[in-house]
$ cat work_25.pdb   # PDB, C-alpha atoms
ATOM      1  CA  MET C   1      94.954 132.646  98.649  1.00  0.00           C
ATOM      2  CA  GLN C   2      97.696 131.193 100.883  1.00  0.00           C
ATOM      3  CA  PRO C   3      96.872 131.112 104.627  1.00  0.00           C
ATOM      4  CA  ALA C   4      99.057 133.175 106.971  1.00  0.00           C
ATOM      5  CA  VAL C   5      99.807 130.097 109.093  1.00  0.00           C
ATOM      6  CA  LYS C   6     102.369 127.785 107.534  1.00  0.00           C
ATOM      7  CA  PRO C   7     101.778 124.114 108.357  1.00  0.00           C
ATOM      8  CA  THR C   8     104.526 121.682 109.281  1.00  0.00           C
ATOM      9  CA  ILE C   9     104.367 118.767 106.839  1.00  0.00           C
ATOM     10  CA  ARG C  10     106.681 115.758 106.867  1.00  0.00           C
ATOM     11  CA  VAL C  11     106.797 112.348 105.229  1.00  0.00           C
ATOM     12  CA  GLN C  12     109.454 110.278 106.927  1.00  0.00           C
ATOM     13  CA  ARG C  13     110.630 106.757 107.637  1.00  0.00           C
ATOM     14  CA  GLU C  14     111.548 107.385 111.301  1.00  0.00           C
ATOM     15  CA  ASP C  15     109.107 107.511 114.193  1.00  0.00           C
ATOM     16  CA  PHE C  16     107.841 110.752 115.736  1.00  0.00           C
ATOM     17  CA  ASP C  17     107.115 111.944 119.268  1.00  0.00           C
ATOM     18  CA  ALA C  18     103.551 113.317 119.437  1.00  0.00           C
ATOM     19  CA  GLY C  19     104.215 115.216 122.661  1.00  0.00           C
ATOM     20  CA  GLU C  20     107.315 116.898 121.272  1.00  0.00           C
ATOM     21  CA  GLU C  21     105.495 117.843 118.050  1.00  0.00           C
ATOM     22  CA  THR C  22     102.639 119.356 120.069  1.00  0.00           C
ATOM     23  CA  ARG C  23     105.098 121.315 122.203  1.00  0.00           C
ATOM     24  CA  ARG C  24     106.833 122.683 119.091  1.00  0.00           C
ATOM     25  CA  LEU C  25     103.512 123.740 117.588  1.00  0.00           C
ATOM     26  CA  THR C  26     102.230 125.559 120.668  1.00  0.00           C
ATOM     27  CA  GLU C  27     105.408 126.925 122.265  1.00  0.00           C
ATOM     28  CA  GLY C  28     105.228 130.659 122.860  1.00  0.00           C
ATOM     29  CA  ASP C  29     101.742 131.144 121.362  1.00  0.00           C
ATOM     30  CA  GLY C  30      99.377 132.386 124.063  1.00  0.00           C
ATOM     31  CA  SER C  31      96.497 132.772 121.605  1.00  0.00           C
ATOM     32  CA  ILE C  32      96.031 128.992 121.321  1.00  0.00           C
ATOM     33  CA  GLY C  33      93.124 127.795 123.426  1.00  0.00           C
ATOM     34  CA  ALA C  34      92.779 124.231 122.121  1.00  0.00           C
ATOM     35  CA  VAL C  35      94.984 121.525 120.669  1.00  0.00           C
ATOM     36  CA  VAL C  36      93.743 118.275 119.171  1.00  0.00           C
ATOM     37  CA  ALA C  37      96.302 115.592 118.406  1.00  0.00           C
ATOM     38  CA  PHE C  38      95.458 112.426 116.504  1.00  0.00           C
ATOM     39  CA  THR C  39      97.947 109.579 116.255  1.00  0.00           C
ATOM     40  CA  GLY C  40      97.160 106.684 113.925  1.00  0.00           C
ATOM     41  CA  LEU C  41      98.764 103.371 114.866  1.00  0.00           C
ATOM     42  CA  CYS C  42      99.369 100.132 113.004  1.00  0.00           C
ATOM     43  CA  ARG C  43      96.932  97.677 114.586  1.00  0.00           C
ATOM     44  CA  ASP C  44      97.637  93.938 114.739  1.00  0.00           C
ATOM     45  CA  ASP C  45      94.274  92.947 113.211  1.00  0.00           C
ATOM     46  CA  GLY C  46      93.375  90.412 115.873  1.00  0.00           C
ATOM     47  CA  GLY C  47      96.933  89.180 116.247  1.00  0.00           C
ATOM     48  CA  THR C  48      97.403  88.247 112.577  1.00  0.00           C
ATOM     49  CA  LEU C  49      99.190  91.359 111.289  1.00  0.00           C
ATOM     50  CA  ALA C  50     102.921  91.849 111.849  1.00  0.00           C
ATOM     51  CA  ALA C  51     103.349  95.084 109.909  1.00  0.00           C
ATOM     52  CA  LEU C  52     102.088  97.439 107.250  1.00  0.00           C
ATOM     53  CA  GLU C  53     104.275  98.484 104.368  1.00  0.00           C
ATOM     54  CA  LEU C  54     103.555 102.065 103.369  1.00  0.00           C
ATOM     55  CA  GLU C  55     104.685 103.593 100.103  1.00  0.00           C
ATOM     56  CA  HIS C  56     104.160 107.130  98.884  1.00  0.00           C
ATOM     57  CA  TYR C  57     104.713 109.241  95.806  1.00  0.00           C
ATOM     58  CA  PRO C  58     107.668 111.449  96.894  1.00  0.00           C
ATOM     59  CA  GLY C  59     107.092 115.140  96.308  1.00  0.00           C
ATOM     60  CA  MET C  60     103.435 114.668  95.434  1.00  0.00           C
ATOM     61  CA  ALA C  61     102.567 113.284  98.884  1.00  0.00           C
ATOM     62  CA  GLU C  62     104.073 116.334 100.592  1.00  0.00           C
ATOM     63  CA  ALA C  63     102.413 118.694  98.111  1.00  0.00           C
ATOM     64  CA  GLU C  64      98.990 117.123  98.650  1.00  0.00           C
ATOM     65  CA  MET C  65      99.437 117.113 102.428  1.00  0.00           C
ATOM     66  CA  THR C  66     100.326 120.821 102.266  1.00  0.00           C
ATOM     67  CA  ARG C  67      97.279 121.547 100.089  1.00  0.00           C
ATOM     68  CA  ILE C  68      95.015 119.732 102.568  1.00  0.00           C
ATOM     69  CA  ALA C  69      96.636 121.495 105.533  1.00  0.00           C
ATOM     70  CA  ASP C  70      96.238 124.907 103.908  1.00  0.00           C
ATOM     71  CA  LEU C  71      92.534 124.194 103.305  1.00  0.00           C
ATOM     72  CA  ALA C  72      92.076 123.206 106.963  1.00  0.00           C
ATOM     73  CA  ILE C  73      93.941 126.257 108.248  1.00  0.00           C
ATOM     74  CA  GLU C  74      91.770 128.572 106.173  1.00  0.00           C
ATOM     75  CA  ARG C  75      88.463 126.806 106.757  1.00  0.00           C
ATOM     76  CA  PHE C  76      88.802 126.398 110.544  1.00  0.00           C
ATOM     77  CA  ALA C  77      90.978 129.443 111.331  1.00  0.00           C
ATOM     78  CA  LEU C  78      93.683 127.198 112.751  1.00  0.00           C
ATOM     79  CA  LEU C  79      96.606 128.843 114.497  1.00  0.00           C
ATOM     80  CA  GLY C  80      98.929 125.926 113.791  1.00  0.00           C
ATOM     81  CA  LEU C  81      98.932 122.536 112.121  1.00  0.00           C
ATOM     82  CA  THR C  82     101.389 119.661 111.977  1.00  0.00           C
ATOM     83  CA  ALA C  83     100.888 116.583 109.801  1.00  0.00           C
ATOM     84  CA  ILE C  84     103.428 113.753 109.722  1.00  0.00           C
ATOM     85  CA  HIS C  85     103.013 110.513 107.762  1.00  0.00           C
ATOM     86  CA  ARG C  86     105.479 107.663 107.946  1.00  0.00           C
ATOM     87  CA  HIS C  87     106.509 105.322 105.144  1.00  0.00           C
ATOM     88  CA  GLY C  88     108.352 102.013 105.028  1.00  0.00           C
ATOM     89  CA  LYS C  89     107.576  98.869 107.006  1.00  0.00           C
ATOM     90  CA  ILE C  90     105.771  99.756 110.225  1.00  0.00           C
ATOM     91  CA  ALA C  91     105.251  97.092 112.882  1.00  0.00           C
ATOM     92  CA  ALA C  92     101.977  96.541 114.705  1.00  0.00           C
ATOM     93  CA  GLY C  93     101.697  99.008 117.578  1.00  0.00           C
ATOM     94  CA  GLU C  94     103.924 101.628 115.944  1.00  0.00           C
ATOM     95  CA  ASN C  95     102.898 105.145 114.883  1.00  0.00           C
ATOM     96  CA  ILE C  96     101.825 105.753 111.281  1.00  0.00           C
ATOM     97  CA  VAL C  97     100.380 109.261 111.150  1.00  0.00           C
ATOM     98  CA  LEU C  98     100.135 112.350 113.354  1.00  0.00           C
ATOM     99  CA  VAL C  99      97.887 115.370 112.960  1.00  0.00           C
ATOM    100  CA  VAL C 100      98.063 118.183 115.524  1.00  0.00           C
ATOM    101  CA  ALA C 101      95.643 121.089 115.070  1.00  0.00           C
ATOM    102  CA  ALA C 102      95.787 124.229 117.207  1.00  0.00           C
ATOM    103  CA  ALA C 103      93.023 126.844 117.358  1.00  0.00           C
ATOM    104  CA  ARG C 104      91.520 129.479 119.617  1.00  0.00           C
ATOM    105  CA  HIS C 105      88.583 127.182 120.453  1.00  0.00           C
ATOM    106  CA  ARG C 106      88.137 123.421 120.760  1.00  0.00           C
ATOM    107  CA  GLN C 107      85.592 122.845 117.989  1.00  0.00           C
ATOM    108  CA  ALA C 108      87.855 124.373 115.356  1.00  0.00           C
ATOM    109  CA  ALA C 109      90.766 122.216 116.566  1.00  0.00           C
ATOM    110  CA  PHE C 110      88.637 119.042 116.502  1.00  0.00           C
ATOM    111  CA  ASP C 111      87.169 119.850 113.090  1.00  0.00           C
ATOM    112  CA  GLY C 112      90.557 120.806 111.640  1.00  0.00           C
ATOM    113  CA  ALA C 113      92.168 117.538 112.744  1.00  0.00           C
ATOM    114  CA  ASN C 114      89.213 115.463 111.485  1.00  0.00           C
ATOM    115  CA  PHE C 115      89.182 117.276 108.157  1.00  0.00           C
ATOM    116  CA  VAL C 116      92.901 116.673 107.609  1.00  0.00           C
ATOM    117  CA  MET C 117      92.629 112.962 108.444  1.00  0.00           C
ATOM    118  CA  ASP C 118      89.566 112.449 106.250  1.00  0.00           C
ATOM    119  CA  TYR C 119      91.352 114.051 103.299  1.00  0.00           C
ATOM    120  CA  LEU C 120      94.690 112.312 103.947  1.00  0.00           C
ATOM    121  CA  LYS C 121      92.971 108.916 103.862  1.00  0.00           C
ATOM    122  CA  THR C 122      91.471 109.579 100.429  1.00  0.00           C
ATOM    123  CA  SER C 123      93.527 112.229  98.621  1.00  0.00           C
ATOM    124  CA  ALA C 124      97.189 111.849  99.565  1.00  0.00           C
ATOM    125  CA  PRO C 125      99.189 109.341  97.470  1.00  0.00           C
ATOM    126  CA  PHE C 126      99.980 106.655 100.061  1.00  0.00           C
ATOM    127  CA  TRP C 127      99.544 102.911  99.604  1.00  0.00           C
ATOM    128  CA  LYS C 128      99.435 100.166 102.242  1.00  0.00           C
ATOM    129  CA  LYS C 129     100.275  96.471 102.079  1.00  0.00           C
ATOM    130  CA  GLU C 130      99.725  94.027 104.935  1.00  0.00           C
ATOM    131  CA  HIS C 131     102.395  91.629 106.209  1.00  0.00           C
ATOM    132  CA  GLY C 132     101.062  88.728 108.280  1.00  0.00           C
ATOM    133  CA  LYS C 133     102.637  87.203 111.346  1.00  0.00           C
ATOM    134  CA  ASP C 134     102.783  83.945 109.388  1.00  0.00           C
ATOM    135  CA  GLY C 135     105.247  85.549 106.960  1.00  0.00           C
ATOM    136  CA  THR C 136     102.782  86.146 104.143  1.00  0.00           C
ATOM    137  CA  ALA C 137     102.498  89.450 102.338  1.00  0.00           C
ATOM    138  CA  GLY C 138      98.975  90.414 101.424  1.00  0.00           C
ATOM    139  CA  GLU C 139      97.711  92.517  98.573  1.00  0.00           C
ATOM    140  CA  TRP C 140      97.866  96.280  98.455  1.00  0.00           C
ATOM    141  CA  ILE C 141      94.880  97.555 100.428  1.00  0.00           C
ATOM    142  CA  ALA C 142      92.093  99.081  98.342  1.00  0.00           C
ATOM    143  CA  ALA C 143      90.404 102.372  99.200  1.00  0.00           C
ATOM    144  CA  LYS C 144      87.280 102.061 101.354  1.00  0.00           C
ATOM    145  CA  ALA C 145      83.877 103.562 100.590  1.00  0.00           C
ATOM    146  CA  THR C 146      83.633 104.611 104.251  1.00  0.00           C
ATOM    147  CA  ASP C 147      86.743 106.782 103.836  1.00  0.00           C
ATOM    148  CA  ASP C 148      85.192 108.502 100.806  1.00  0.00           C
ATOM    149  CA  ALA C 149      81.950 109.068 102.745  1.00  0.00           C
ATOM    150  CA  ALA C 150      83.901 110.614 105.639  1.00  0.00           C
ATOM    151  CA  LYS C 151      85.591 113.046 103.239  1.00  0.00           C
ATOM    152  CA  ASP C 152      82.322 113.872 101.491  1.00  0.00           C
ATOM    153  CA  LYS C 153      80.759 115.183 104.714  1.00  0.00           C
ATOM    154  CA  TRP C 154      83.058 118.229 104.482  1.00  0.00           C
ATOM    155  CA  ARG C 155      81.608 119.418 101.174  1.00  0.00           C
TER     156      ARG C 155
END
$ encode --input "work_25.pdb" --output "structure tokens"
Amino acid sequence: MQPAVKPTIRVQREDFDAGEETRRLTEGDGSIGAVVAFTGLCRDDGGTLAALELEHYPGMAEAEMTRIADLAIERFALLGLTAIHRHGKIAAGENIVLVVAAARHRQAAFDGANFVMDYLKTSAPFWKKEHGKDGTAGEWIAAKATDDAAKDKWR
């Protein structure tokens, strides 16, 4: 069954403005009592990382993000949800991913945002490669057991 709330899902090369996305999600909806926004950034890994290169499977990434968002909306009775994931070469300190969950109450908003991130990390077809400040390109980053464990807690 499709939830009544339609999530906003985007995979894009360009940066996003978390504040603007939150405003768009909540504007004119007086029933929202809580908003949780998570922004994932490219960290510099102790000063050694210049950038991450992110690739995705076009079409499938958006479809999987929508599937995950629909599950979160239904499970946590979310009133709105935005999920944006960037691709391309992203410099240290820049935004990678945004999840904004809106609900009547704070716990549902927190849980909805956590659920989406835990599933995005393990289920959506995105791949990351590190680029060092010394000019070297590392290997594609393998999935982590800790990410799988985080997702498994929702079962």
$ closest_residue --input "work_25.pdb" --among "C:Thr22, C:Thr48, C:Asn95, C:Thr39" --to "Gly138 (chain C)" --atoms "only C-alpha atoms"
C:Thr48
$ residues_near_point --input "work_25.pdb" --point "(96.4, 113.6, 116.7)" --cutoff "8 Å" --atoms "all atoms listed in the file" --output "ChimeraX atom specification"
/C:18,36-40,98-101,113
$ resolve_selection --input "work_25.pdb" --expression "the PyMOL selection byres ((chain C and resi 84-87) around 12)" --output "PyMOL selection string"
chain C and resi 7-18+21-22+37-42+51-58+61-62+64-66+69+81-83+88-91+94-101+116-117+120-121+124-129
$ closest_residue --input "work_25.pdb" --among "C:Leu79, C:Val35, C:Thr26, C:Asp148" --to "Gln107 (chain C)" --atoms "all atoms listed in the file"
C:Val35
$ residues_around --input "work_25.pdb" --residues "region 74-76 of chain C" --least-positions-apart "5" --cutoff "9 Å" --atoms "only C-alpha atoms" --output "MDAnalysis selection string"
chainID C and resid 2:5 69 103 107:109 111:112
